[in-house]
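Below is one structure, written out as C-alpha cells, with a few remarks after it.
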Amino acid sequence: MPTGFSHVTIALGIVLAAAPVAAAQPNLLSQGAPAASWIAPPNVASDSFVVFHARRTLDLPSAPTRFVVHVSADNRYRLYVNGISVSSGPQRSDVAHWRYETVDIGAQLHAGRNVLAAVIWNWGAARPVAQHSYRTGFLVQGDGDREAALVNTGPGWKLLVDSGYAPIVITNATVAGYYAAGPGESVDGRRYPWRWEQSDYDDSRWLTVAAPPSHNEAAPLAAFEVPMGTAIVGRARGRGSIGRGTGEVFGWQLSPRSIPPMDEILQRLTTVRRVAGVRVDDAFVRGTGEVVVPARTRATILLDQGHTTNAYPVLETSGGSGGTVTLTYAEALVDSRGEKGNRNEVDGRTIRGVYDVFRPDGGERRVFEPLYWRSFRYVQLDIETADAPLTLKDFHGVFTGYPLRERARFASDLSWLADVWRMDWNGARIGAFETYMDTPYYEQLQYVGDTRIQSLISLYMSGDDRLVRQAIEHFDASRIPDGLTMSRYPSALSQIIPPFSLIYVAMVNDYHMLRDDMSFVRQRLAGVRGVLDWYAARVDSTGMLGPMPYWSYVDWARGWQDGVPPGAHDGHSATISLLYAYALQRAAELETDAGVPAMATEYRRRANALISATRARAWDTQRQLFRDAPASTAYSQQTNVLAVLAGAVPLAEQRPLMQRVLADSTLTQCTYYFTFYLLEALRQAGLGDRTIEQLAPWREMLRLGLTSTPENPEPTRSDSHAWAAHPNYELLATVLGVRPASPGFRSVRIAPLLGPLQRAEGRVPHPAGDIDVRLTRTAGAGLGATVTLPPGVTGEFVWAGRHVPLHPGKQQLSF
C-alpha cells in the first residue's frame, strides 16, 4: 500500500472503515466516563493556520468486539486506527452546537500494540465562511471507563506540528468571482512526516502531552484559563452540561452527529484532454500506466472527469526531489475573453481557479492528497522537475458527498428529459455535503433560498430527510434577537436577507406536508412566529410593507440591482408584500395543525389585509398585471407569480394572468432559481401542462455541455448550483402529479399534467415505501394509469375533472 497523505484503500474505493454509532443521548459523557481534554500544540496561536498530528498507543490483551469512541476537532480532523481511516469530521455546525462523531473501532483493533492517529487542522484566517471556530483543538472521548482510560485525549498523547503545510489563499481574483470556500494547500514533501498514521512509525521525538501545572481535573477550562505552553486547551462537556454552578457557558457545546458519514468512493477521471512536454495516454487515468517526467522538464497534463464532481484528488509519485506539481481545479475552461462557452471544449482555452502545490521529497510511492475535497470537472497538472525525474504513478479522485441515494425515477417518450434528469441529479448530489451548499466550488454555504429547493429535491428523489431536518435546525438556530433568520447558516460572517426568512417559513411547511413529525414542527413555531412578527412591525399605513432594512434579495433578475425588487428600499414593494402574505398562509396551516387556531386566524387576517392593500395599490387595470411597486413602472414575472401563489388573484383570473406572464417579454424574467416559483404558479393556475415547455433552458444547458445546473444564464459564475435542479422535482410532483394530500404525506393526490408527453412513468419515495406511477395516453384524450401505493397509504387520482379513490397496493385505472 502507498503511504502518506492518502486515506484511500485503493482496492475497495471505500474509506471510512469503522462503524458509525448513533448517539442515543445528547450528553457526550452519558456513560459517566472520565472527561477527556481538548488538546492542541502549545505555543501556537489558537486561531492561526496550523496542521498537526496526534498519536496514542494502546496495548490490548485481546481484540475487542466493541470499542466506542467519540471524536471531534476544531476546525477538522481525520482519525486513523492502525493506519486505517475510521472517521472524518466534525459535522459542520456552530460553536453552540459543536458536533462529535461516535464510532466503533473494535474491528480495527487487535491484540497487542495499537495506534490511534489523527491529522487535525485549523484553516485560520483563510477558513471557509461556513466554518465556525472557537480555537484549535482535538478531542477523543472513550465511551466507557475502559475506553476512556486508554484513549481519552490528554496526558500521554503525542503531538507534532506539520511544518510541511502552508495555506494558499484563494481570492475572488483567483476564480474570477465571489469566493467563500477554503484555501488551497502547499505541501513540502521534504518536511512531511511520511507514514505518521502507521502503527510502526517512530513518534519518540514528538511532544508528549502533560497536565498543566495545578490543573484541577474536575473543573472545565475556559479559553482565558489555558496556561501558556500547555497542550491541554479545554475539557469535554456535552451540550447542556457545560459551565459552572453559576450557569456560565463557554467553548464547544458538544452535540452528537445527526447525519450519516459522507460517501467516500473511488472515482477515476475519464480522459486525458491535453498534454505538453511529456507523453501521456489514457492508461494513466485508468490506473494501468504511469508517466515519467524527465529531469529539468516542464510538462502540463489536462484531465477531464467528464462531469462536475466533488472529490479528494489523490496523486501518487516517486522520485522528483526538488520538483513541483501544481494541481488546478475548474468546472470549465475559459477562452481569451474569460467566457466558458461549451464546457466540453478545451482547444484555445485555459484553466484558472483553486489550486494546490506539492513538492516531492524524492521518496518512493508518495501520495499527495489535500486535507479537504475539491470541486471540479477539469484538473490540470503543471509539473516542473529539477535534477531528478518524477514518476507519476497514479492520479484519481475519491468522490465525497452526503449519501443521497437515487430512489426516484422518471422516464418518458421525450429522450432529452432523461438527460436533464441526470444533470439535475448530479447537481443536487454535489450540492450536498455536511450541509446543503449553494455552490460546492465557490462558496459551500447553505442559503435558505437555495436550501428550500434542494430539500424538496432530496425528499422527492431520495426520501432521506436527515439533511433537511438539520438545515431547518440550522436556520432556526441562526435567528437574531429581532426574529429574522440569517440568510445562510452555518456562517461565521453574518448576513441577513429578510425575504429568505419568509422562505424559511415555507420550508418548514414543506417538511410538515411531507413528514409526519409534528413534534419537530412545533419546536420551530417560535422561530416562525418571530419572523412573521418582524415583518408585521414593518407594515405601514398603506397596508403594505414600508422600507426594508438589510439586503432584500429576491432573485438575480436582470434590471434588479443586487437582486432587489423595486420598492424594497424606499417602501411598498409588491413583490415582498406578496411573499410575506404567502409565508403567512403557510404559517396559518402550521398553526392549524399544531392546534393553535387563534394564531392561524390572525395570520390569515394579516395575509388578507396585505393582499387587499397590494391589489388596491399595485394592480394595473389596463395591463391586468401587478406592478413591482405602486409608484413603479416596472413589471416582473416574479411579482405576478407571487400574486398567484398568495391567492391575490381570483381563481378564475389566475390562468389568463399566467398566460400574460409567459407571453409578455417586457416583464422582468425569472432566473433559473425563481423559475421554481413560476412553475408552481403555472400548476396552481391550471397551466401545469406547460411545465415541460418551460424546460427549454435546461435543454440549452445540455447543448452547452453542462453536467450540473448553473447559477444563472450565460455568462454564469458557477456551473454547479442546485437551486436550478428543481425540474426533477417538477417532473415528479407536477408532470407525474404526486403530491401530499394531507400533512405528513398520510395520503396522496396524483394529478398528472403530461403536457406533450404520450407516456410517463416514475417512482416517488414515501416514508411508508415507494409510490409507483405509469401513465399512457389513449385515444380521445383518454389515459391509462397503473398506480402502486405503499401499505397504509390512501389517496385519490385526478384526471380530466374525475376524482378516483386510491387504496394501498397496485391498481389500474382507465379514463
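Each chain in the C-alpha cells gets a letter, A, B, ..., in the order shown, and its residues are numbered from 1; ligands are numbered from 1 in order too.
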
Rows by chain and residue number, range 665-746 of chain A within 7 Å of range 502-523 of chain A, shortest pair, only C-alpha atoms, as CSV:
```
residue,atom,partner,partner_atom,distance
A:Pro740,CA,A:Met513,CA,6.4
A:Ser742,CA,A:Met513,CA,6.7
A:Pro743,CA,A:Met513,CA,4.2
A:Gly744,CA,A:Asp516,CA,3.7
A:Phe745,CA,A:Leu514,CA,4.9
```

request  = Any chance you could list, as a PyMOL selection string, the residues in range 434-561 of chain A that come up alpha helix (DSSP H) when DSSP is run on the backbone?
outcome  = chain A and resi 448-461+466-477+498-514+518-536

message = Show me, as a VMD selection string, the residues that have an atom within 8 Å of Tyr179 in chain A when counting only C-alpha atoms, minus same-chain residues fewer than 3 positions from it.
response = chain A and resid 170 to 172 175 442 to 443

Would you export the selected residues with C-alpha atoms as an mmCIF file, in the first residue's frame, please?
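Result saved to selection.cif:
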```cif
data_model
loop_
_atom_site.group_PDB
_atom_site.id
_atom_site.type_symbol
_atom_site.label_atom_id
_atom_site.label_comp_id
_atom_site.auth_asym_id
_atom_site.auth_seq_id
_atom_site.Cartn_x
_atom_site.Cartn_y
_atom_site.Cartn_z
ATOM 1 C CA ILE A 170 -7.823 31.834 -2.867
ATOM 2 C CA THR A 171 -9.243 35.263 -3.671
ATOM 3 C CA ASN A 172 -12.098 36.479 -5.841
ATOM 4 C CA VAL A 175 -11.524 32.350 -9.531
ATOM 5 C CA TYR A 442 -17.172 28.895 -4.908
ATOM 6 C CA GLU A 443 -18.949 29.191 -1.573
#
```

key: Near-Gly319 in chain A list (10 Å; only C-alpha atoms; drop same-chain fewer than 3 positions) as a PyMOL selection string   = chain A and resi 292+322-323+360-366+385+388-392

query = Nearest to Phe797 in chain A among A:Leu266, A:Ile750, A:Val641, A:Leu757, with distances taken over only C-alpha atoms: which residue is it?
reply =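 Nearest candidate to Phe797 in chain A out of A:Leu266, A:Ile750, A:Val641, A:Leu757: A:Ile750.
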
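Remark: for Ala35 in chain A, the closest of the candidate residues A:Ala236, A:Asp104, A:Pro656, A:Trp206 is A:Ala236 (distances computed over only C-alpha atoms).
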
request  = Report the distance between CA of Ala180 in chain A and CA of Val354 in chain A in Å, rounded to one decimal place.
outcome  = 11.6 Å

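The residue set within 6 Å of range 711-725 of chain A, counting only C-alpha atoms and dropping same-chain residues fewer than 2 places from it, reads Asp424, Gly427, Ala428, Gly431, Asp438, Thr439, Asp450, Ile453, Tyr672, Tyr673, Ser708, Thr709 and Pro727 of chain A.
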
ask   = Tell me, which residues of range 501-705 of chain A carry DSSP strand (DSSP E), written as a PyMOL selection string?
value = chain A and resi 619-620+625-626

Emit the selected residues as a PDB file, in the first residue's frame, including all heavy atoms.
```pdb
ATOM      1  N   TRP A 619     -52.103  46.919  -8.545  1.00  0.00           N
ATOM      2  CA  TRP A 619     -52.743  46.258  -9.689  1.00  0.00           C
ATOM      3  C   TRP A 619     -52.987  47.275 -10.803  1.00  0.00           C
ATOM      4  O   TRP A 619     -53.565  48.336 -10.579  1.00  0.00           O
ATOM      5  CB  TRP A 619     -54.049  45.601  -9.272  1.00  0.00           C
ATOM      6  CG  TRP A 619     -54.819  44.973 -10.406  1.00  0.00           C
ATOM      7  CD1 TRP A 619     -55.969  45.433 -10.971  1.00  0.00           C
ATOM      8  CD2 TRP A 619     -54.503  43.764 -11.087  1.00  0.00           C
ATOM      9  NE1 TRP A 619     -56.389  44.588 -11.977  1.00  0.00           N
ATOM     10  CE2 TRP A 619     -55.494  43.551 -12.073  1.00  0.00           C
ATOM     11  CE3 TRP A 619     -53.454  42.841 -10.979  1.00  0.00           C
ATOM     12  CZ2 TRP A 619     -55.493  42.449 -12.935  1.00  0.00           C
ATOM     13  CZ3 TRP A 619     -53.442  41.746 -11.840  1.00  0.00           C
ATOM     14  CH2 TRP A 619     -54.446  41.555 -12.801  1.00  0.00           C
ATOM     15  N   ASP A 620     -52.519  46.962 -12.004  1.00  0.00           N
ATOM     16  CA  ASP A 620     -52.699  47.814 -13.175  1.00  0.00           C
ATOM     17  C   ASP A 620     -53.891  47.276 -13.966  1.00  0.00           C
ATOM     18  O   ASP A 620     -53.805  46.207 -14.586  1.00  0.00           O
ATOM     19  CB  ASP A 620     -51.429  47.796 -14.030  1.00  0.00           C
ATOM     20  CG  ASP A 620     -51.494  48.754 -15.204  1.00  0.00           C
ATOM     21  OD1 ASP A 620     -52.594  48.972 -15.751  1.00  0.00           O
ATOM     22  OD2 ASP A 620     -50.438  49.274 -15.596  1.00  0.00           O
ATOM     23  N   LEU A 625     -51.948  43.361 -14.775  1.00  0.00           N
ATOM     24  CA  LEU A 625     -50.759  42.818 -14.114  1.00  0.00           C
ATOM     25  C   LEU A 625     -50.479  43.626 -12.856  1.00  0.00           C
ATOM     26  O   LEU A 625     -50.905  44.787 -12.739  1.00  0.00           O
ATOM     27  CB  LEU A 625     -49.532  42.907 -15.036  1.00  0.00           C
ATOM     28  CG  LEU A 625     -49.481  42.019 -16.272  1.00  0.00           C
ATOM     29  CD1 LEU A 625     -48.359  42.484 -17.198  1.00  0.00           C
ATOM     30  CD2 LEU A 625     -49.281  40.545 -15.898  1.00  0.00           C
ATOM     31  N   PHE A 626     -49.745  43.023 -11.927  1.00  0.00           N
ATOM     32  CA  PHE A 626     -49.263  43.757 -10.757  1.00  0.00           C
ATOM     33  C   PHE A 626     -47.966  44.478 -11.110  1.00  0.00           C
ATOM     34  O   PHE A 626     -47.064  43.903 -11.725  1.00  0.00           O
ATOM     35  CB  PHE A 626     -48.999  42.803  -9.585  1.00  0.00           C
ATOM     36  CG  PHE A 626     -50.235  42.381  -8.859  1.00  0.00           C
ATOM     37  CD1 PHE A 626     -50.940  41.247  -9.261  1.00  0.00           C
ATOM     38  CD2 PHE A 626     -50.704  43.101  -7.762  1.00  0.00           C
ATOM     39  CE1 PHE A 626     -52.079  40.848  -8.583  1.00  0.00           C
ATOM     40  CE2 PHE A 626     -51.841  42.707  -7.085  1.00  0.00           C
ATOM     41  CZ  PHE A 626     -52.544  41.585  -7.504  1.00  0.00           C
TER      42      PHE A 626
END
```

ask   = If we count only C-alpha atoms, what is near range 787-795 of chain A at a cut-off of 8 Å, once residues fewer than 2 positions away on the same chain are taken out, given as a PyMOL selection string?
value = chain A and resi 741+746-750+766+768-774+785+797+805-813

What does the file look like for those residues with C-alpha atoms, as a compact mmCIF listing (two decimals), in the first residue's frame?
```
# COMPACT_ATOMS: atom_id res chain seq x y z
CA ALA A 741 -52.98 15.32 0.06
CA ARG A 746 -50.50 10.47 5.18
CA SER A 747 -52.48 10.48 1.96
CA VAL A 748 -51.51 11.22 -1.63
CA ARG A 749 -53.05 13.11 -4.53
CA ILE A 750 -51.92 12.10 -8.01
CA HIS A 766 -42.60 7.89 0.58
CA ALA A 768 -44.03 4.11 4.04
CA GLY A 769 -42.42 2.84 0.85
CA ASP A 770 -42.48 3.84 -2.81
CA ILE A 771 -45.24 5.33 -4.93
CA ASP A 772 -45.09 3.95 -8.48
CA VAL A 773 -46.99 5.56 -11.36
CA ARG A 774 -47.23 4.53 -15.01
CA ALA A 785 -52.81 4.55 -15.37
CA PHE A 797 -56.21 10.14 -8.69
CA PRO A 805 -60.07 6.92 -4.80
CA LEU A 806 -56.74 5.10 -4.42
CA HIS A 807 -56.00 2.30 -1.97
CA PRO A 808 -52.77 0.68 -0.79
CA GLY A 809 -51.19 -1.65 -3.33
CA LYS A 810 -51.45 -1.86 -7.09
CA GLN A 811 -54.43 -0.59 -9.09
CA GLN A 812 -55.15 0.05 -12.75
CA LEU A 813 -57.28 2.99 -13.87
```

task = List the neighbours of Val151 in chain A out to 9 Å using only C-alpha atoms; skip same-chain residues closer than 3 positions along the sequence, and give me the result as a list in words.
result =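 Near Val151 in chain A, the qualifying residues are Ala36, Arg56, Thr57, Leu58, Val69, Leu116, Val140, Gln141, Gly142, Arg146, Glu147, Ala148, Gly154 and Trp157 of chain A.
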
message = Let me make sure I understand: among A:Val187, A:Val738, A:Arg235, A:Ile105, which one has the smallest atom-to-atom distance to Gly137 in chain A if we use only C-alpha atoms?
response =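 Nearest to Gly137 in chain A: A:Arg235.
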
From A:Ala418, A:Gln638, A:Thr451, A:Leu590, residue lying nearest Leu731 in chain A [only C-alpha atoms] =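 Result for the nearest residue to Leu731 in chain A: A:Ala418.
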
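A straight line drawn from CA of Ser62 in chain A to CA of Pro155 in chain A is 24.1 Å long.
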